[in-house]
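**Q** What follows is upload.txt, compact mmCIF, N, CA and C atoms and all ligand atoms.
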# COMPACT_ATOMS: atom_id res chain seq x y z
N MET A 1 -58.78 67.39 -56.45
CA MET A 1 -59.49 66.10 -56.48
C MET A 1 -60.24 65.95 -57.79
N LYS A 2 -60.94 67.01 -58.16
CA LYS A 2 -61.69 66.99 -59.40
C LYS A 2 -60.72 66.82 -60.59
N ASN A 3 -59.62 67.56 -60.53
CA ASN A 3 -58.62 67.48 -61.60
C ASN A 3 -58.04 66.08 -61.73
N LEU A 4 -57.79 65.49 -60.60
CA LEU A 4 -57.20 64.16 -60.57
C LEU A 4 -58.13 63.15 -61.24
N PHE A 5 -59.37 63.29 -60.92
CA PHE A 5 -60.39 62.40 -61.49
C PHE A 5 -60.44 62.57 -63.01
N PHE A 6 -60.40 63.80 -63.45
CA PHE A 6 -60.44 64.11 -64.87
C PHE A 6 -59.22 63.52 -65.57
N ALA A 7 -58.05 63.67 -64.93
CA ALA A 7 -56.82 63.16 -65.52
C ALA A 7 -56.88 61.65 -65.71
N SER A 8 -57.42 60.95 -64.72
CA SER A 8 -57.47 59.50 -64.84
C SER A 8 -58.48 59.07 -65.89
N LEU A 9 -59.51 59.88 -66.06
CA LEU A 9 -60.50 59.61 -67.11
C LEU A 9 -59.86 59.67 -68.49
N ILE A 10 -59.03 60.69 -68.70
CA ILE A 10 -58.35 60.85 -69.98
C ILE A 10 -57.43 59.66 -70.25
N THR A 11 -56.67 59.29 -69.25
CA THR A 11 -55.75 58.16 -69.38
C THR A 11 -56.51 56.91 -69.80
N LEU A 12 -57.64 56.73 -69.16
CA LEU A 12 -58.46 55.56 -69.43
C LEU A 12 -58.92 55.55 -70.88
N THR A 13 -59.39 56.69 -71.34
CA THR A 13 -59.90 56.81 -72.70
C THR A 13 -58.80 56.51 -73.72
N PHE A 14 -57.65 57.15 -73.52
CA PHE A 14 -56.55 56.94 -74.46
C PHE A 14 -56.03 55.51 -74.38
N GLY A 15 -56.01 54.99 -73.16
CA GLY A 15 -55.54 53.62 -72.95
C GLY A 15 -56.37 52.64 -73.74
N THR A 16 -57.66 52.83 -73.73
CA THR A 16 -58.57 51.94 -74.44
C THR A 16 -58.33 52.02 -75.95
N ALA A 17 -58.18 53.25 -76.42
CA ALA A 17 -57.96 53.44 -77.85
C ALA A 17 -56.66 52.76 -78.28
N HIS A 18 -55.67 52.87 -77.41
CA HIS A 18 -54.37 52.29 -77.72
C HIS A 18 -54.45 50.77 -77.77
N ALA A 19 -55.21 50.23 -76.82
CA ALA A 19 -55.35 48.77 -76.74
C ALA A 19 -56.01 48.23 -78.01
N ALA A 20 -56.89 49.02 -78.60
CA ALA A 20 -57.56 48.59 -79.83
C ALA A 20 -56.56 48.56 -80.99
N GLY A 21 -55.45 49.23 -80.82
CA GLY A 21 -54.37 49.17 -81.79
C GLY A 21 -54.62 49.89 -83.10
N LYS A 22 -55.59 50.78 -83.09
CA LYS A 22 -55.92 51.44 -84.36
C LYS A 22 -55.43 52.88 -84.40
N GLU A 23 -55.52 53.53 -83.27
CA GLU A 23 -55.26 54.95 -83.29
C GLU A 23 -53.78 55.29 -83.07
N VAL A 24 -53.27 56.15 -83.92
CA VAL A 24 -51.93 56.67 -83.73
C VAL A 24 -52.08 58.03 -83.08
N LYS A 25 -51.40 58.21 -81.98
CA LYS A 25 -51.51 59.49 -81.28
C LYS A 25 -50.25 60.30 -81.46
N GLU A 26 -50.43 61.59 -81.62
CA GLU A 26 -49.28 62.44 -81.77
C GLU A 26 -49.47 63.68 -80.91
N GLU A 27 -48.44 64.00 -80.15
CA GLU A 27 -48.52 65.17 -79.30
C GLU A 27 -47.59 66.25 -79.84
N ILE A 28 -48.11 67.44 -79.97
CA ILE A 28 -47.31 68.55 -80.47
C ILE A 28 -47.18 69.58 -79.37
N LYS A 29 -45.96 70.00 -79.11
CA LYS A 29 -45.76 71.03 -78.08
C LYS A 29 -45.42 72.36 -78.72
N VAL A 30 -46.14 73.38 -78.29
CA VAL A 30 -45.94 74.72 -78.82
C VAL A 30 -45.87 75.70 -77.66
N GLN A 31 -44.98 76.66 -77.78
CA GLN A 31 -44.92 77.73 -76.78
C GLN A 31 -45.29 79.05 -77.43
N VAL A 32 -45.87 79.91 -76.62
CA VAL A 32 -46.08 81.28 -77.07
C VAL A 32 -45.02 82.13 -76.38
N THR A 33 -44.12 82.67 -77.17
CA THR A 33 -43.05 83.52 -76.63
C THR A 33 -43.19 84.92 -77.22
N GLU A 34 -42.21 85.77 -76.94
CA GLU A 34 -42.25 87.12 -77.52
C GLU A 34 -42.18 87.09 -79.04
N ASN A 35 -41.71 85.97 -79.58
CA ASN A 35 -41.61 85.83 -81.03
C ASN A 35 -42.87 85.25 -81.66
N GLY A 36 -43.86 84.98 -80.84
CA GLY A 36 -45.09 84.39 -81.36
C GLY A 36 -45.16 82.91 -81.03
N PHE A 37 -45.81 82.15 -81.90
CA PHE A 37 -45.90 80.71 -81.67
C PHE A 37 -44.59 80.06 -82.08
N GLU A 38 -44.04 79.24 -81.19
CA GLU A 38 -42.80 78.53 -81.50
C GLU A 38 -42.93 77.05 -81.18
N PRO A 39 -42.77 76.15 -82.14
CA PRO A 39 -42.59 76.47 -83.56
C PRO A 39 -43.92 76.92 -84.17
N SER A 40 -43.83 77.59 -85.32
CA SER A 40 -45.06 78.03 -85.97
C SER A 40 -45.36 77.19 -87.21
N GLN A 41 -44.37 76.39 -87.61
CA GLN A 41 -44.59 75.46 -88.73
C GLN A 41 -44.34 74.06 -88.20
N ILE A 42 -45.38 73.26 -88.21
CA ILE A 42 -45.30 71.96 -87.58
C ILE A 42 -45.76 70.88 -88.54
N LYS A 43 -45.00 69.78 -88.55
CA LYS A 43 -45.43 68.65 -89.37
C LYS A 43 -46.10 67.60 -88.51
N ALA A 44 -47.15 67.01 -89.04
CA ALA A 44 -47.83 65.94 -88.31
C ALA A 44 -48.17 64.83 -89.29
N LYS A 45 -48.52 63.68 -88.74
CA LYS A 45 -48.91 62.56 -89.59
C LYS A 45 -50.39 62.65 -89.91
N ALA A 46 -50.72 62.58 -91.19
CA ALA A 46 -52.13 62.52 -91.57
C ALA A 46 -52.70 61.21 -91.03
N GLY A 47 -53.88 61.27 -90.46
CA GLY A 47 -54.51 60.08 -89.90
C GLY A 47 -54.24 59.90 -88.42
N ALA A 48 -53.31 60.68 -87.89
CA ALA A 48 -53.01 60.59 -86.46
C ALA A 48 -53.96 61.46 -85.66
N HIS A 49 -54.21 61.03 -84.45
CA HIS A 49 -55.01 61.83 -83.52
C HIS A 49 -54.05 62.80 -82.83
N VAL A 50 -54.21 64.05 -83.14
CA VAL A 50 -53.23 65.03 -82.68
C VAL A 50 -53.76 65.88 -81.52
N VAL A 51 -52.94 65.96 -80.49
CA VAL A 51 -53.24 66.82 -79.35
C VAL A 51 -52.12 67.84 -79.25
N MET A 52 -52.50 69.10 -79.28
CA MET A 52 -51.50 70.15 -79.15
C MET A 52 -51.44 70.63 -77.71
N LYS A 53 -50.21 70.71 -77.20
CA LYS A 53 -50.01 71.21 -75.83
C LYS A 53 -49.39 72.60 -75.95
N VAL A 54 -50.12 73.59 -75.51
CA VAL A 54 -49.67 74.96 -75.70
C VAL A 54 -49.40 75.64 -74.36
N THR A 55 -48.23 76.25 -74.25
CA THR A 55 -47.90 77.00 -73.04
C THR A 55 -47.47 78.41 -73.42
N ARG A 56 -48.15 79.37 -72.85
CA ARG A 56 -47.74 80.77 -73.07
C ARG A 56 -46.75 81.13 -71.98
N THR A 57 -45.55 81.55 -72.38
CA THR A 57 -44.49 81.80 -71.40
C THR A 57 -44.16 83.28 -71.25
N THR A 58 -44.93 84.14 -71.87
CA THR A 58 -44.67 85.57 -71.73
C THR A 58 -45.97 86.37 -71.69
N ASP A 59 -45.90 87.52 -71.04
CA ASP A 59 -47.04 88.44 -71.06
C ASP A 59 -46.89 89.43 -72.21
N ASN A 60 -45.68 89.39 -72.80
CA ASN A 60 -45.38 90.33 -73.86
C ASN A 60 -45.81 89.78 -75.22
N THR A 61 -47.10 89.49 -75.33
CA THR A 61 -47.65 88.94 -76.57
C THR A 61 -49.14 89.23 -76.61
N CYS A 62 -49.69 89.26 -77.81
CA CYS A 62 -51.14 89.44 -77.90
C CYS A 62 -51.83 88.08 -77.95
N ALA A 63 -51.00 87.01 -78.04
CA ALA A 63 -51.59 85.67 -78.15
C ALA A 63 -51.94 85.10 -76.78
N THR A 64 -52.99 85.64 -76.20
CA THR A 64 -53.46 85.11 -74.92
C THR A 64 -54.57 84.09 -75.15
N ALA A 65 -54.78 83.77 -76.42
CA ALA A 65 -55.72 82.71 -76.79
C ALA A 65 -55.22 82.10 -78.10
N ILE A 66 -55.68 80.88 -78.35
CA ILE A 66 -55.32 80.24 -79.63
C ILE A 66 -56.62 79.78 -80.28
N GLN A 67 -56.69 79.95 -81.60
CA GLN A 67 -57.89 79.49 -82.28
C GLN A 67 -57.54 78.72 -83.56
N PHE A 68 -58.38 77.72 -83.80
CA PHE A 68 -58.29 76.92 -85.03
C PHE A 68 -59.62 77.14 -85.72
N LYS A 69 -59.65 78.05 -86.68
CA LYS A 69 -60.93 78.43 -87.28
C LYS A 69 -61.64 77.27 -87.95
N GLU A 70 -60.89 76.48 -88.73
CA GLU A 70 -61.51 75.36 -89.46
C GLU A 70 -62.20 74.38 -88.51
N LYS A 71 -61.61 74.27 -87.33
CA LYS A 71 -62.15 73.30 -86.36
C LYS A 71 -63.05 73.96 -85.33
N LYS A 72 -63.24 75.26 -85.47
CA LYS A 72 -64.09 76.00 -84.53
C LYS A 72 -63.66 75.79 -83.08
N ILE A 73 -62.34 75.84 -82.89
CA ILE A 73 -61.79 75.68 -81.54
C ILE A 73 -61.16 76.99 -81.13
N LYS A 74 -61.46 77.43 -79.92
CA LYS A 74 -60.78 78.60 -79.37
C LYS A 74 -60.52 78.36 -77.90
N LYS A 75 -59.26 78.56 -77.49
CA LYS A 75 -58.93 78.34 -76.08
C LYS A 75 -58.09 79.49 -75.55
N ASP A 76 -58.38 79.86 -74.31
CA ASP A 76 -57.56 80.86 -73.63
C ASP A 76 -56.23 80.25 -73.23
N LEU A 77 -55.21 81.08 -73.23
CA LEU A 77 -53.88 80.61 -72.85
C LEU A 77 -53.40 81.38 -71.61
N PRO A 78 -53.67 80.83 -70.45
CA PRO A 78 -53.16 81.48 -69.24
C PRO A 78 -51.64 81.40 -69.19
N LEU A 79 -51.02 82.34 -68.49
CA LEU A 79 -49.56 82.39 -68.42
C LEU A 79 -48.99 81.15 -67.73
N ASN A 80 -47.97 80.57 -68.37
CA ASN A 80 -47.23 79.43 -67.80
C ASN A 80 -48.09 78.24 -67.40
N LYS A 81 -49.13 78.01 -68.17
CA LYS A 81 -49.96 76.86 -67.88
C LYS A 81 -50.18 76.10 -69.18
N GLU A 82 -49.88 74.81 -69.17
CA GLU A 82 -50.02 74.03 -70.39
C GLU A 82 -51.48 73.71 -70.65
N ILE A 83 -51.91 74.07 -71.85
CA ILE A 83 -53.29 73.85 -72.26
C ILE A 83 -53.32 72.79 -73.36
N SER A 84 -54.24 71.85 -73.24
CA SER A 84 -54.37 70.81 -74.24
C SER A 84 -55.43 71.18 -75.26
N VAL A 85 -55.08 71.05 -76.53
CA VAL A 85 -56.07 71.28 -77.58
C VAL A 85 -56.19 69.99 -78.38
N ASP A 86 -57.34 69.36 -78.26
CA ASP A 86 -57.55 68.11 -78.97
C ASP A 86 -58.02 68.42 -80.39
N LEU A 87 -57.19 68.09 -81.37
CA LEU A 87 -57.52 68.43 -82.76
C LEU A 87 -58.20 67.27 -83.49
N GLY A 88 -58.35 66.17 -82.80
CA GLY A 88 -58.97 65.01 -83.43
C GLY A 88 -58.03 64.40 -84.45
N THR A 89 -58.57 63.61 -85.35
CA THR A 89 -57.77 62.94 -86.37
C THR A 89 -57.57 63.89 -87.55
N LEU A 90 -56.31 64.09 -87.90
CA LEU A 90 -56.02 65.05 -88.96
C LEU A 90 -56.08 64.43 -90.35
N LYS A 91 -56.73 65.15 -91.24
CA LYS A 91 -56.71 64.76 -92.65
C LYS A 91 -55.46 65.37 -93.28
N LYS A 92 -55.08 64.84 -94.40
CA LYS A 92 -53.93 65.38 -95.11
C LYS A 92 -54.21 66.84 -95.47
N GLY A 93 -53.25 67.69 -95.23
CA GLY A 93 -53.44 69.10 -95.58
C GLY A 93 -52.93 70.03 -94.52
N ASP A 94 -53.37 71.25 -94.63
CA ASP A 94 -52.86 72.34 -93.82
C ASP A 94 -53.91 72.82 -92.81
N ILE A 95 -53.49 73.00 -91.59
CA ILE A 95 -54.39 73.55 -90.58
C ILE A 95 -53.75 74.80 -89.99
N THR A 96 -54.48 75.87 -90.01
CA THR A 96 -53.93 77.12 -89.51
C THR A 96 -54.41 77.38 -88.09
N PHE A 97 -53.51 77.90 -87.28
CA PHE A 97 -53.93 78.39 -85.96
C PHE A 97 -53.45 79.81 -85.79
N ALA A 98 -54.11 80.54 -84.91
CA ALA A 98 -53.77 81.95 -84.75
C ALA A 98 -54.15 82.42 -83.35
N CYS A 99 -53.70 83.62 -83.04
CA CYS A 99 -54.10 84.22 -81.77
C CYS A 99 -55.55 84.68 -81.91
N GLY A 100 -56.11 85.18 -80.82
CA GLY A 100 -57.52 85.58 -80.84
C GLY A 100 -57.86 86.64 -81.87
N MET A 101 -56.87 87.49 -82.19
CA MET A 101 -57.12 88.57 -83.15
C MET A 101 -56.65 88.23 -84.55
N ASP A 102 -56.14 87.02 -84.73
CA ASP A 102 -55.71 86.60 -86.06
C ASP A 102 -54.44 87.32 -86.52
N MET A 103 -53.62 87.79 -85.58
CA MET A 103 -52.41 88.51 -85.99
C MET A 103 -51.22 87.57 -86.05
N LEU A 104 -51.01 86.85 -84.94
CA LEU A 104 -49.92 85.88 -84.93
C LEU A 104 -50.52 84.55 -85.38
N SER A 105 -49.78 83.84 -86.22
CA SER A 105 -50.35 82.57 -86.66
C SER A 105 -49.27 81.53 -86.91
N GLY A 106 -49.70 80.35 -87.19
CA GLY A 106 -48.82 79.26 -87.52
C GLY A 106 -49.63 78.19 -88.20
N HIS A 107 -48.96 77.13 -88.65
CA HIS A 107 -49.77 76.06 -89.20
C HIS A 107 -49.15 74.68 -89.02
N ILE A 108 -50.06 73.72 -89.09
CA ILE A 108 -49.68 72.32 -89.03
C ILE A 108 -49.89 71.74 -90.41
N VAL A 109 -48.87 71.06 -90.91
CA VAL A 109 -49.01 70.38 -92.19
C VAL A 109 -49.09 68.88 -91.91
N ALA A 110 -50.24 68.31 -92.22
CA ALA A 110 -50.41 66.87 -92.02
C ALA A 110 -50.14 66.16 -93.35
N GLU A 111 -49.20 65.23 -93.31
CA GLU A 111 -48.90 64.51 -94.55
C GLU A 111 -48.56 63.05 -94.30
CU CU B 201 -53.11 88.75 -81.50
Any chance you could put this one into C-alpha cells?
**A**
Amino acid sequence: MKNLFFASLITLTFGTAHAAGKEVKEEIKVQVTENGFEPSQIKAKAGAHVVMKVTRTTDNTCATAIQFKEKKIKKDLPLNKEISVDLGTLKKGDITFACGMDMLSGHIVAE
C-alpha cells in the first residue's frame, strides 16, 4: 500500500514536468552481472533528466552497491531488484559510477 502510494506520487511528479514541456527524461538500464556493470559505457543527452535503473542479477560480484562520487549518491543493490537512481539533469561531460569499493566501474558520457 505504501509502495503503491509512492509510485503514484512519482508518476504525478513526472507527469507535471512533462506537461510543462521543458524537461527531457531519459532512462538508462544497467545490469550488474558476473562481468560487472553492463553496459559500462553509456551515452546520454546533456540537459536531460536521467534516471538509471540498476538490477543486480548475480551474487558472483562485489558490486552489491553503486556509487556516483561526484553526485554523492550511493545505493545498495539487492539481488534481482530494480533500483532507481535519480541523477538529476546532466551537464555535458563524463560521470563515473562504481561499486562500493571502487573496483568495478563504468561511466556515462553526456553530450
Ligand atoms: Cu567492488
**Q** Could you tell me, counting only N, CA and C atoms and all ligand atoms, which protein and nucleic acid residues lie no more than 7 Å from ligand CU 201 (chain B), written as a list in words?
**A** Thr61, Cys62, Ala63, Thr64, Ala98, Cys99, Gly100, Met101, Asp102, Met103 and Leu104 of chain A
**Q** Using all atoms listed in the file, which residue out of A:Pro39, A:Ala44, A:Met52, A:Val32 lies closest to Val85 in chain A?
**A**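 Looking only at the distances to Val85 in chain A, the closest residue turns out to be A:Met52.
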**Q** Could you work out how far atom C of Ile28 in chain A lies from CA of His49 in chain A, giving the answer in Å with one decimal?
**A**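 Separation between CA of His49 in chain A and atom C of Ile28 in chain A: 11.8 Å.
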**Q** Name the residues in contact with Val51 in chain A at a cut-off of 6 Å, using only C-alpha atoms, excluding same-chain residues fewer than 6 positions from it; report them as a PyMOL selection string.
**A** chain A and resi 27+85-87
**Q** In Å to one decimal, how far is CA of Lys91 in chain A from atom C of Gly106 in chain A?
**A**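 Going from atom C of Gly106 in chain A over to CA of Lys91 in chain A, I get 15.8 Å.
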**Q** So, counting only C-alpha atoms, which residue among A:Ala46, A:Leu90, A:Ile95, A:Val54 is closest to Asp76 in chain A?
**A**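 Checking each candidate against Asp76 in chain A, we get A:Val54 as the closest.
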**Q** Just the number, please: distance in Å from atom C of Asn60 in chain A to CA of Gly36 in chain A, one decimal.
**A**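 These atoms are spaced 8.2 Å apart.
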